[in-house]
file final35.pdb (PDB, C-alpha atoms and all ligand atoms)
ATOM      1  CA  MET N  20      15.162   2.426 -13.640  1.00  0.00           C
ATOM      2  CA  ALA N  21      11.784   2.825 -11.942  1.00  0.00           C
ATOM      3  CA  LYS N  22       8.766   1.360 -13.744  1.00  0.00           C
ATOM      4  CA  PHE N  23       5.740   3.574 -13.242  1.00  0.00           C
ATOM      5  CA  THR N  24       3.210   1.189 -14.719  1.00  0.00           C
ATOM      6  CA  GLU N  25      -0.485   1.892 -15.169  1.00  0.00           C
ATOM      7  CA  ARG N  26      -0.979  -0.119 -11.955  1.00  0.00           C
ATOM      8  CA  ILE N  27       1.401   2.082  -9.924  1.00  0.00           C
ATOM      9  CA  ARG N  28      -0.099   5.260 -11.412  1.00  0.00           C
ATOM     10  CA  GLY N  29      -3.611   3.930 -10.824  1.00  0.00           C
ATOM     11  CA  ILE N  30      -2.902   3.350  -7.137  1.00  0.00           C
ATOM     12  CA  ALA N  31      -1.297   6.789  -6.843  1.00  0.00           C
ATOM     13  CA  SER N  32      -4.351   8.446  -8.417  1.00  0.00           C
ATOM     14  CA  TYR N  33      -6.368   7.641  -5.276  1.00  0.00           C
ATOM     15  CA  ILE N  34      -3.928   9.518  -3.015  1.00  0.00           C
ATOM     16  CA  ASP N  35      -4.928  13.143  -2.520  1.00  0.00           C
ATOM     17  CA  ALA N  36      -2.369  15.958  -2.397  1.00  0.00           C
ATOM     18  CA  GLY N  37      -1.109  16.433   1.143  1.00  0.00           C
ATOM     19  CA  GLU N  38      -1.977  12.953   2.392  1.00  0.00           C
ATOM     20  CA  SER N  39       0.751  11.075   4.244  1.00  0.00           C
ATOM     21  CA  VAL N  40       1.205   7.484   3.099  1.00  0.00           C
ATOM     22  CA  ALA N  41       2.620   4.153   4.231  1.00  0.00           C
ATOM     23  CA  ASP N  42       3.419   1.654   1.475  1.00  0.00           C
ATOM     24  CA  ILE N  43       3.305  -1.815   3.046  1.00  0.00           C
ATOM     25  CA  GLY N  44       5.420  -4.375   1.174  1.00  0.00           C
ATOM     26  CA  SER N  45       7.035  -1.626  -0.872  1.00  0.00           C
ATOM     27  CA  ASP N  46       9.740  -3.848  -2.421  1.00  0.00           C
ATOM     28  CA  HIS N  47      11.197  -1.740  -5.283  1.00  0.00           C
ATOM     29  CA  GLY N  48       9.670   1.455  -3.870  1.00  0.00           C
ATOM     30  CA  TYR N  49       8.156   2.577  -7.193  1.00  0.00           C
ATOM     31  CA  LEU N  50       4.915   3.917  -5.712  1.00  0.00           C
ATOM     32  CA  PRO N  51       6.698   6.107  -3.106  1.00  0.00           C
ATOM     33  CA  ILE N  52       9.111   7.335  -5.807  1.00  0.00           C
ATOM     34  CA  TRP N  53       6.173   8.257  -8.067  1.00  0.00           C
ATOM     35  CA  LEU N  54       4.526  10.138  -5.184  1.00  0.00           C
ATOM     36  CA  ALA N  55       7.769  11.946  -4.317  1.00  0.00           C
ATOM     37  CA  ARG N  56       8.395  12.948  -7.935  1.00  0.00           C
ATOM     38  CA  ALA N  57       4.830  14.199  -8.322  1.00  0.00           C
ATOM     39  CA  GLY N  58       5.035  16.112  -5.019  1.00  0.00           C
ATOM     40  CA  VAL N  59       1.808  14.478  -3.836  1.00  0.00           C
ATOM     41  CA  SER N  60       2.663  13.364  -0.311  1.00  0.00           C
ATOM     42  CA  PRO N  61       4.623  15.274   2.322  1.00  0.00           C
ATOM     43  CA  ARG N  62       5.606  12.033   3.998  1.00  0.00           C
ATOM     44  CA  VAL N  63       5.866   8.437   2.780  1.00  0.00           C
ATOM     45  CA  ILE N  64       6.907   5.465   4.913  1.00  0.00           C
ATOM     46  CA  LEU N  65       8.175   2.360   3.097  1.00  0.00           C
ATOM     47  CA  THR N  66       7.930  -1.029   4.802  1.00  0.00           C
ATOM     48  CA  ASP N  67       8.627  -4.629   3.940  1.00  0.00           C
ATOM     49  CA  ILE N  68       8.577  -7.903   5.819  1.00  0.00           C
ATOM     50  CA  ALA N  69      11.846  -9.007   4.202  1.00  0.00           C
ATOM     51  CA  LYS N  70      15.296  -7.449   4.461  1.00  0.00           C
ATOM     52  CA  GLY N  71      16.212  -7.928   0.774  1.00  0.00           C
ATOM     53  CA  PRO N  72      13.252  -6.029  -0.703  1.00  0.00           C
ATOM     54  CA  LEU N  73      13.571  -3.345   1.975  1.00  0.00           C
ATOM     55  CA  ALA N  74      17.226  -2.853   1.024  1.00  0.00           C
ATOM     56  CA  ILE N  75      16.134  -2.448  -2.623  1.00  0.00           C
ATOM     57  CA  ALA N  76      13.447   0.042  -1.570  1.00  0.00           C
ATOM     58  CA  ARG N  77      16.007   1.998   0.469  1.00  0.00           C
ATOM     59  CA  ALA N  78      18.516   2.044  -2.381  1.00  0.00           C
ATOM     60  CA  ASN N  79      15.950   3.101  -5.008  1.00  0.00           C
ATOM     61  CA  ALA N  80      14.012   5.632  -2.934  1.00  0.00           C
ATOM     62  CA  GLY N  81      16.813   7.266  -0.956  1.00  0.00           C
ATOM     63  CA  SER N  82      17.794   9.589  -3.761  1.00  0.00           C
ATOM     64  CA  TYR N  83      14.241  10.977  -3.795  1.00  0.00           C
ATOM     65  CA  GLY N  84      14.477  11.931  -0.121  1.00  0.00           C
ATOM     66  CA  LEU N  85      12.523   8.868   0.989  1.00  0.00           C
ATOM     67  CA  THR N  86      14.533   7.590   3.925  1.00  0.00           C
ATOM     68  CA  ASP N  87      11.856   6.257   6.316  1.00  0.00           C
ATOM     69  CA  CYS N  88      12.167   2.528   5.526  1.00  0.00           C
ATOM     70  CA  ARG N  89      10.950   0.067   8.151  1.00  0.00           C
ATOM     71  CA  LEU N  90      11.242  -3.705   8.472  1.00  0.00           C
ATOM     72  CA  GLY N  91       8.209  -5.621   9.713  1.00  0.00           C
ATOM     73  CA  ASP N  92       5.028  -7.577   9.129  1.00  0.00           C
ATOM     74  CA  GLY N  93       1.979  -5.716   7.844  1.00  0.00           C
ATOM     75  CA  LEU N  94       0.962  -2.729   9.945  1.00  0.00           C
ATOM     76  CA  ALA N  95       3.354  -3.612  12.805  1.00  0.00           C
ATOM     77  CA  PRO N  96       6.043  -1.068  11.821  1.00  0.00           C
ATOM     78  CA  LEU N  97       3.490   1.779  12.005  1.00  0.00           C
ATOM     79  CA  ALA N  98       2.152   3.572  15.076  1.00  0.00           C
ATOM     80  CA  PRO N  99      -1.666   3.717  15.223  1.00  0.00           C
ATOM     81  CA  GLY N 100      -3.015   6.441  12.922  1.00  0.00           C
ATOM     82  CA  GLU N 101       0.502   7.464  11.934  1.00  0.00           C
ATOM     83  CA  VAL N 102      -0.424   8.169   8.303  1.00  0.00           C
ATOM     84  CA  ASP N 103      -3.550   9.193   6.404  1.00  0.00           C
ATOM     85  CA  VAL N 104      -3.401   6.408   3.818  1.00  0.00           C
ATOM     86  CA  VAL N 105      -2.085   2.856   3.933  1.00  0.00           C
ATOM     87  CA  VAL N 106      -1.349   1.096   0.632  1.00  0.00           C
ATOM     88  CA  VAL N 107      -1.117  -2.702   0.479  1.00  0.00           C
ATOM     89  CA  ALA N 108      -0.472  -3.629  -3.135  1.00  0.00           C
ATOM     90  CA  GLY N 109       0.824  -6.485  -5.220  1.00  0.00           C
ATOM     91  CA  MET N 110       0.028  -9.229  -2.698  1.00  0.00           C
ATOM     92  CA  GLY N 111      -2.535 -12.020  -2.639  1.00  0.00           C
ATOM     93  CA  GLY N 112      -5.993 -11.248  -1.283  1.00  0.00           C
ATOM     94  CA  GLU N 113      -5.480 -13.646   1.619  1.00  0.00           C
ATOM     95  CA  THR N 114      -2.229 -11.951   2.635  1.00  0.00           C
ATOM     96  CA  ILE N 115      -3.995  -8.577   2.553  1.00  0.00           C
ATOM     97  CA  ILE N 116      -6.764  -9.982   4.781  1.00  0.00           C
ATOM     98  CA  ASP N 117      -4.112 -11.330   7.179  1.00  0.00           C
ATOM     99  CA  ILE N 118      -2.465  -7.890   7.319  1.00  0.00           C
ATOM    100  CA  LEU N 119      -5.726  -6.006   7.959  1.00  0.00           C
ATOM    101  CA  GLY N 120      -7.137  -8.665  10.282  1.00  0.00           C
ATOM    102  CA  ALA N 121      -4.064  -9.039  12.519  1.00  0.00           C
ATOM    103  CA  ASN N 122      -5.154  -6.153  14.755  1.00  0.00           C
ATOM    104  CA  LEU N 123      -8.554  -4.707  13.845  1.00  0.00           C
ATOM    105  CA  THR N 124      -8.254  -1.872  16.370  1.00  0.00           C
ATOM    106  CA  LYS N 125      -5.018  -0.743  14.789  1.00  0.00           C
ATOM    107  CA  THR N 126      -6.412  -1.165  11.272  1.00  0.00           C
ATOM    108  CA  ALA N 127      -9.367   1.075  12.172  1.00  0.00           C
ATOM    109  CA  SER N 128      -6.946   3.801  13.324  1.00  0.00           C
ATOM    110  CA  PHE N 129      -6.047   4.494   9.665  1.00  0.00           C
ATOM    111  CA  ALA N 130      -8.730   6.404   7.753  1.00  0.00           C
ATOM    112  CA  LYS N 131      -8.061   5.105   4.264  1.00  0.00           C
ATOM    113  CA  PHE N 132      -6.616   1.990   2.660  1.00  0.00           C
ATOM    114  CA  ILE N 133      -5.773   1.440  -0.983  1.00  0.00           C
ATOM    115  CA  LEU N 134      -5.614  -2.278  -1.682  1.00  0.00           C
ATOM    116  CA  GLN N 135      -4.397  -3.958  -4.852  1.00  0.00           C
ATOM    117  CA  PRO N 136      -4.822  -7.730  -4.621  1.00  0.00           C
ATOM    118  CA  ARG N 137      -3.050  -9.982  -7.129  1.00  0.00           C
ATOM    119  CA  THR N 138      -5.413 -12.873  -6.364  1.00  0.00           C
ATOM    120  CA  LYS N 139      -8.676 -13.602  -4.511  1.00  0.00           C
ATOM    121  CA  ALA N 140     -10.098 -10.114  -4.978  1.00  0.00           C
ATOM    122  CA  ASP N 141     -13.638 -11.420  -4.403  1.00  0.00           C
ATOM    123  CA  LEU N 142     -12.660 -12.945  -1.069  1.00  0.00           C
ATOM    124  CA  LEU N 143     -11.042  -9.666  -0.032  1.00  0.00           C
ATOM    125  CA  ARG N 144     -14.105  -7.630  -1.126  1.00  0.00           C
ATOM    126  CA  SER N 145     -16.380  -9.868   0.878  1.00  0.00           C
ATOM    127  CA  TRP N 146     -14.145  -9.616   3.984  1.00  0.00           C
ATOM    128  CA  LEU N 147     -13.967  -5.831   3.618  1.00  0.00           C
ATOM    129  CA  SER N 148     -17.681  -5.329   3.086  1.00  0.00           C
ATOM    130  CA  GLU N 149     -18.434  -6.919   6.467  1.00  0.00           C
ATOM    131  CA  ARG N 150     -16.276  -4.328   8.235  1.00  0.00           C
ATOM    132  CA  TYR N 151     -15.599  -1.169   6.209  1.00  0.00           C
ATOM    133  CA  GLU N 152     -16.921   0.925   3.362  1.00  0.00           C
ATOM    134  CA  ILE N 153     -15.537   0.366  -0.121  1.00  0.00           C
ATOM    135  CA  VAL N 154     -15.552   3.920  -1.494  1.00  0.00           C
ATOM    136  CA  ALA N 155     -14.012   3.349  -4.930  1.00  0.00           C
ATOM    137  CA  GLU N 156     -12.994   0.510  -7.225  1.00  0.00           C
ATOM    138  CA  ASP N 157     -11.045   0.400 -10.423  1.00  0.00           C
ATOM    139  CA  THR N 158      -9.327  -2.143 -12.631  1.00  0.00           C
ATOM    140  CA  VAL N 159      -6.123  -1.302 -14.461  1.00  0.00           C
ATOM    141  CA  ARG N 160      -3.901  -3.551 -16.537  1.00  0.00           C
ATOM    142  CA  GLU N 161      -0.278  -4.569 -16.060  1.00  0.00           C
ATOM    143  CA  ARG N 162       1.413  -6.833 -18.608  1.00  0.00           C
ATOM    144  CA  GLY N 163      -2.071  -7.622 -19.934  1.00  0.00           C
ATOM    145  CA  ARG N 164      -3.398  -8.772 -16.573  1.00  0.00           C
ATOM    146  CA  PRO N 165      -6.319  -7.030 -14.866  1.00  0.00           C
ATOM    147  CA  CYS N 166      -5.339  -5.508 -11.513  1.00  0.00           C
ATOM    148  CA  PRO N 167      -8.168  -4.497  -9.190  1.00  0.00           C
ATOM    149  CA  ILE N 168      -7.724  -1.436  -6.999  1.00  0.00           C
ATOM    150  CA  ILE N 169     -10.014  -1.178  -3.973  1.00  0.00           C
ATOM    151  CA  VAL N 170     -10.240   1.993  -1.869  1.00  0.00           C
ATOM    152  CA  VAL N 171     -11.573   1.560   1.647  1.00  0.00           C
ATOM    153  CA  SER N 172     -12.693   4.021   4.298  1.00  0.00           C
ATOM    154  CA  THR N 173     -12.640   2.853   7.900  1.00  0.00           C
ATOM    155  CA  SER N 174     -14.349   6.112   8.977  1.00  0.00           C
ATOM    156  CA  ALA N 175     -11.451   6.798  11.366  1.00  0.00           C
ATOM    157  CA  ALA N 176     -11.239  10.536  12.072  1.00  0.00           C
TER     158      ALA N 176
HETATM  159  C1  LIG N 201       5.117  -8.537  -5.290  1.00  0.00           C
HETATM  160  S1  LIG N 201       5.818  -7.403  -4.173  1.00  0.00           S
HETATM  161  C2  LIG N 201       4.774  -5.982  -4.395  1.00  0.00           C
HETATM  162  C3  LIG N 201       5.570  -4.726  -4.359  1.00  0.00           C
HETATM  163  C4  LIG N 201       4.735  -3.434  -4.472  1.00  0.00           C
HETATM  164  N1  LIG N 201       3.898  -3.258  -3.316  1.00  0.00           N
HETATM  165  C5  LIG N 201       3.900  -3.429  -5.731  1.00  0.00           C
HETATM  166  O1  LIG N 201       2.671  -3.380  -5.637  1.00  0.00           O
HETATM  167  O2  LIG N 201       4.474  -3.452  -6.818  1.00  0.00           O
HETATM  168  C6  LIG N 201       5.268  -7.970  -2.584  1.00  0.00           C
HETATM  169  C7  LIG N 201       6.119  -7.453  -1.432  1.00  0.00           C
HETATM  170  O3  LIG N 201       5.360  -7.576  -0.234  1.00  0.00           O
HETATM  171  C8  LIG N 201       6.205  -8.028   0.788  1.00  0.00           C
HETATM  172  N2  LIG N 201       5.343  -8.653   1.814  1.00  0.00           N
HETATM  173  C9  LIG N 201       4.699  -9.844   1.746  1.00  0.00           C
HETATM  174  N3  LIG N 201       3.991 -10.056   2.871  1.00  0.00           N
HETATM  175  C10 LIG N 201       4.170  -8.962   3.662  1.00  0.00           C
HETATM  176  C11 LIG N 201       3.711  -8.583   4.952  1.00  0.00           C
HETATM  177  N4  LIG N 201       2.912  -9.384   5.662  1.00  0.00           N
HETATM  178  N5  LIG N 201       4.101  -7.383   5.455  1.00  0.00           N
HETATM  179  C12 LIG N 201       4.920  -6.569   4.743  1.00  0.00           C
HETATM  180  N6  LIG N 201       5.409  -6.874   3.521  1.00  0.00           N
HETATM  181  C13 LIG N 201       5.030  -8.060   2.980  1.00  0.00           C
HETATM  182  C14 LIG N 201       7.183  -8.966   0.097  1.00  0.00           C
HETATM  183  O4  LIG N 201       8.373  -9.132   0.826  1.00  0.00           O
HETATM  184  C15 LIG N 201       7.400  -8.242  -1.238  1.00  0.00           C
HETATM  185  O5  LIG N 201       8.490  -7.367  -1.177  1.00  0.00           O
END
call {"tool": "encode", "arguments": {"input": "final35.pdb", "output": "structure tokens"}}
result
Amino acid sequence: MAKFTERIRGIASYIDAGESVADIGSDHGYLPIWLARAGVSPRVILTDIAKGPLAIARANAGSYGLTDCRLGDGLAPLAPGEVDVVVVAGMGGETIIDILGANLTKTASFAKFILQPRTKADLLRSWLSERYEIVAEDTVRERGRPCPIIVVSTSAA
């Protein structure tokens, strides 16, 4: 049974109706399922670096019509600018920096990122502020723990 926690709903609240989305490191696929159920996004791509979590994502999300599940590291499974919004959530701040920093040209091809670091949020903020514009910030709670949500514009068209 999908768990649409305040954290998942908080991330989803920064996705505008009609925006296409890639959920990097989707694991259980709860965010894409929430978006599909709410009819927010016409297209959602689920990715994960590991086969096990991707299989879970595929099994959970398939019945909601979410069948575009891709194996790979960070942004590698996506074509440049393929979606409007990229979500990287539930990972450490350093992993998120590694994902965004692996290919800055490709990162800049996506207009909007929604980032939800589990750790090292200050390090991530500092890295982001040298390169992009942080357009919104929020903190929600999950199991009593504060979870920062950082929305970034790269100013890509
Ligand atoms: C803790 S889960 C978070 C799941 C979901 N995004 C969330 O916020 O609830 C982290 C997932 O990210 C995946 N992951 C870690 N590093 C990754 C990377 N570099 N690229 C893609 N997926 C990655 C892991 O395999 C795992 O399934």
call {"tool": "residues_around", "arguments": {"input": "final35.pdb", "residues": "segment 122-125 of chain N", "least_positions_apart": "3", "cutoff": "12 Å", "atoms": "all atoms listed in the file", "output": "list in words"}}
result
Asp92, Gly93, Leu94, Ala95, Pro96, Leu97, Ala98, Pro99, Gly100, Glu101, Val102, Val105, Ile116, Asp117, Ile118, Leu119, Ser128, Phe129, Ala130, Leu147, Arg150, Tyr151, Thr173 and Ala175 of chain N
call {"tool": "closest_atom_pairs", "arguments": {"input": "final35.pdb", "of": "chain N", "to": "ligand LIG 201 (chain N)", "cutoff": "10 Å", "atoms": "all atoms listed in the file", "output": "JSON lines"}}
result
{"residue": "N:Lys22", "atom": "CA", "partner": "N:LIG201", "partner_atom": "O2", "distance": 9.5}
{"residue": "N:Phe23", "atom": "CA", "partner": "N:LIG201", "partner_atom": "O2", "distance": 9.6}
{"residue": "N:Thr24", "atom": "CA", "partner": "N:LIG201", "partner_atom": "O2", "distance": 9.2}
{"residue": "N:Arg26", "atom": "CA", "partner": "N:LIG201", "partner_atom": "O1", "distance": 8.0}
{"residue": "N:Ile27", "atom": "CA", "partner": "N:LIG201", "partner_atom": "O2", "distance": 7.1}
{"residue": "N:Ile30", "atom": "CA", "partner": "N:LIG201", "partner_atom": "O1", "distance": 8.9}
{"residue": "N:Asp42", "atom": "CA", "partner": "N:LIG201", "partner_atom": "N1", "distance": 6.9}
{"residue": "N:Ile43", "atom": "CA", "partner": "N:LIG201", "partner_atom": "C12", "distance": 5.3}
{"residue": "N:Gly44", "atom": "CA", "partner": "N:LIG201", "partner_atom": "N6", "distance": 3.4}
{"residue": "N:Ser45", "atom": "CA", "partner": "N:LIG201", "partner_atom": "N1", "distance": 4.3}
{"residue": "N:Asp46", "atom": "CA", "partner": "N:LIG201", "partner_atom": "O5", "distance": 3.9}
{"residue": "N:His47", "atom": "CA", "partner": "N:LIG201", "partner_atom": "C3", "distance": 6.4}
{"residue": "N:Gly48", "atom": "CA", "partner": "N:LIG201", "partner_atom": "C4", "distance": 7.0}
{"residue": "N:Tyr49", "atom": "CA", "partner": "N:LIG201", "partner_atom": "O2", "distance": 7.1}
{"residue": "N:Leu50", "atom": "CA", "partner": "N:LIG201", "partner_atom": "C5", "distance": 7.4}
{"residue": "N:Pro51", "atom": "CA", "partner": "N:LIG201", "partner_atom": "N1", "distance": 9.8}
{"residue": "N:Leu65", "atom": "CA", "partner": "N:LIG201", "partner_atom": "N1", "distance": 9.5}
{"residue": "N:Thr66", "atom": "CA", "partner": "N:LIG201", "partner_atom": "C12", "distance": 6.3}
{"residue": "N:Asp67", "atom": "CA", "partner": "N:LIG201", "partner_atom": "N6", "distance": 3.9}
{"residue": "N:Ile68", "atom": "CA", "partner": "N:LIG201", "partner_atom": "C12", "distance": 4.0}
{"residue": "N:Ala69", "atom": "CA", "partner": "N:LIG201", "partner_atom": "O4", "distance": 4.8}
{"residue": "N:Lys70", "atom": "CA", "partner": "N:LIG201", "partner_atom": "O4", "distance": 8.0}
{"residue": "N:Gly71", "atom": "CA", "partner": "N:LIG201", "partner_atom": "O4", "distance": 7.9}
{"residue": "N:Pro72", "atom": "CA", "partner": "N:LIG201", "partner_atom": "O5", "distance": 5.0}
{"residue": "N:Leu73", "atom": "CA", "partner": "N:LIG201", "partner_atom": "O5", "distance": 7.2}
{"residue": "N:Ile75", "atom": "CA", "partner": "N:LIG201", "partner_atom": "O5", "distance": 9.2}
{"residue": "N:Ala76", "atom": "CA", "partner": "N:LIG201", "partner_atom": "O5", "distance": 8.9}
{"residue": "N:Arg89", "atom": "CA", "partner": "N:LIG201", "partner_atom": "C12", "distance": 9.6}
{"residue": "N:Leu90", "atom": "CA", "partner": "N:LIG201", "partner_atom": "C12", "distance": 7.9}
{"residue": "N:Gly91", "atom": "CA", "partner": "N:LIG201", "partner_atom": "C12", "distance": 6.0}
{"residue": "N:Asp92", "atom": "CA", "partner": "N:LIG201", "partner_atom": "N5", "distance": 3.8}
{"residue": "N:Gly93", "atom": "CA", "partner": "N:LIG201", "partner_atom": "N5", "distance": 3.6}
{"residue": "N:Leu94", "atom": "CA", "partner": "N:LIG201", "partner_atom": "N5", "distance": 7.2}
{"residue": "N:Ala95", "atom": "CA", "partner": "N:LIG201", "partner_atom": "N5", "distance": 8.3}
{"residue": "N:Pro96", "atom": "CA", "partner": "N:LIG201", "partner_atom": "C12", "distance": 9.0}
{"residue": "N:Val106", "atom": "CA", "partner": "N:LIG201", "partner_atom": "N1", "distance": 7.9}
{"residue": "N:Val107", "atom": "CA", "partner": "N:LIG201", "partner_atom": "N1", "distance": 6.3}
{"residue": "N:Ala108", "atom": "CA", "partner": "N:LIG201", "partner_atom": "O1", "distance": 4.0}
{"residue": "N:Gly109", "atom": "CA", "partner": "N:LIG201", "partner_atom": "O1", "distance": 3.6}
{"residue": "N:Met110", "atom": "CA", "partner": "N:LIG201", "partner_atom": "C6", "distance": 5.4}
{"residue": "N:Gly111", "atom": "CA", "partner": "N:LIG201", "partner_atom": "C9", "distance": 8.7}
{"residue": "N:Thr114", "atom": "CA", "partner": "N:LIG201", "partner_atom": "N4", "distance": 6.5}
{"residue": "N:Ile115", "atom": "CA", "partner": "N:LIG201", "partner_atom": "N4", "distance": 7.6}
{"residue": "N:Ile116", "atom": "CA", "partner": "N:LIG201", "partner_atom": "N4", "distance": 9.7}
{"residue": "N:Asp117", "atom": "CA", "partner": "N:LIG201", "partner_atom": "N4", "distance": 7.4}
{"residue": "N:Ile118", "atom": "CA", "partner": "N:LIG201", "partner_atom": "N4", "distance": 5.8}
{"residue": "N:Leu119", "atom": "CA", "partner": "N:LIG201", "partner_atom": "N4", "distance": 9.6}
{"residue": "N:Ala121", "atom": "CA", "partner": "N:LIG201", "partner_atom": "N4", "distance": 9.8}
{"residue": "N:Leu134", "atom": "CA", "partner": "N:LIG201", "partner_atom": "O1", "distance": 9.2}
{"residue": "N:Gln135", "atom": "CA", "partner": "N:LIG201", "partner_atom": "O1", "distance": 7.1}
{"residue": "N:Pro136", "atom": "CA", "partner": "N:LIG201", "partner_atom": "O1", "distance": 8.7}
{"residue": "N:Arg137", "atom": "CA", "partner": "N:LIG201", "partner_atom": "C1", "distance": 8.5}
call {"tool": "residues_near_point", "arguments": {"input": "final35.pdb", "point": "(14.9, 6.0, -3.8)", "cutoff": "10 Å", "atoms": "only C-alpha atoms", "output": "PyMOL selection string"}}
result
chain N and resi 21+47-49+51-53+55+75-86
call {"tool": "closest_residue", "arguments": {"input": "final35.pdb", "among": "N:Thr126, N:Ser174, N:Ser39, N:Thr158", "to": "Glu25 of chain N", "atoms": "only C-alpha atoms"}}
result
N:Thr158
call {"tool": "closest_residue", "arguments": {"input": "final35.pdb", "among": "N:Ile34, N:Glu113, N:Gly58, N:Asp141", "to": "Pro167 of chain N", "atoms": "all atoms listed in the file"}}
result
N:Asp141
call {"tool": "atom_distance", "arguments": {"input": "final35.pdb", "atom1": "atom CA of Asp103 of chain N", "atom2": "atom CA of Val154 of chain N"}}
result
15.3 Å
call {"tool": "resolve_selection", "arguments": {"input": "final35.pdb", "expression": "the PyMOL selection byres (((chain N and resi 38) around 10) and not hetatm)", "output": "ChimeraX atom specification"}}
result
/N:34-37,39-40,59-63,102-104
call {"tool": "write_last_selection", "arguments": {"input": "final35.pdb", "atoms": "C-alpha atoms", "output": "JSON list (two decimals), keeping the file's coordinate frame"}}
result
[["chain", "number", "residue", "atom", "x", "y", "z"],
["N", 34, "ILE", "CA", -3.93, 9.52, -3.02],
["N", 35, "ASP", "CA", -4.93, 13.14, -2.52],
["N", 36, "ALA", "CA", -2.37, 15.96, -2.40],
["N", 37, "GLY", "CA", -1.11, 16.43, 1.14],
["N", 39, "SER", "CA", 0.75, 11.08, 4.24],
["N", 40, "VAL", "CA", 1.20, 7.48, 3.10],
["N", 59, "VAL", "CA", 1.81, 14.48, -3.84],
["N", 60, "SER", "CA", 2.66, 13.36, -0.31],
["N", 61, "PRO", "CA", 4.62, 15.27, 2.32],
["N", 62, "ARG", "CA", 5.61, 12.03, 4.00],
["N", 63, "VAL", "CA", 5.87, 8.44, 2.78],
["N", 102, "VAL", "CA", -0.42, 8.17, 8.30],
["N", 103, "ASP", "CA", -3.55, 9.19, 6.40],
["N", 104, "VAL", "CA", -3.40, 6.41, 3.82]]
call {"tool": "atom_distance", "arguments": {"input": "final35.pdb", "atom1": "atom CA of Leu142 of chain N", "atom2": "atom CA of Arg160 of chain N"}}
result
20.1 Å
call {"tool": "atom_distance", "arguments": {"input": "final35.pdb", "atom1": "atom CA of Ala74 of chain N", "atom2": "atom CA of Ala57 of chain N"}}
result
23.1 Å
call {"tool": "closest_residue", "arguments": {"input": "final35.pdb", "among": "N:Ile64, N:Ala155, N:Leu143, N:Cys166", "to": "Gly120 of chain N", "atoms": "all atoms listed in the file"}}
result
N:Leu143
call {"tool": "closest_residue", "arguments": {"input": "final35.pdb", "among": "N:Val171, N:Ala127, N:Arg162, N:Lys139", "to": "Tyr33 of chain N", "atoms": "only C-alpha atoms"}}
result
N:Val171
call {"tool": "closest_residue", "arguments": {"input": "final35.pdb", "among": "N:Cys88, N:Lys131, N:Ile153, N:Leu54", "to": "Gly29 of chain N", "atoms": "only C-alpha atoms"}}
result
N:Leu54
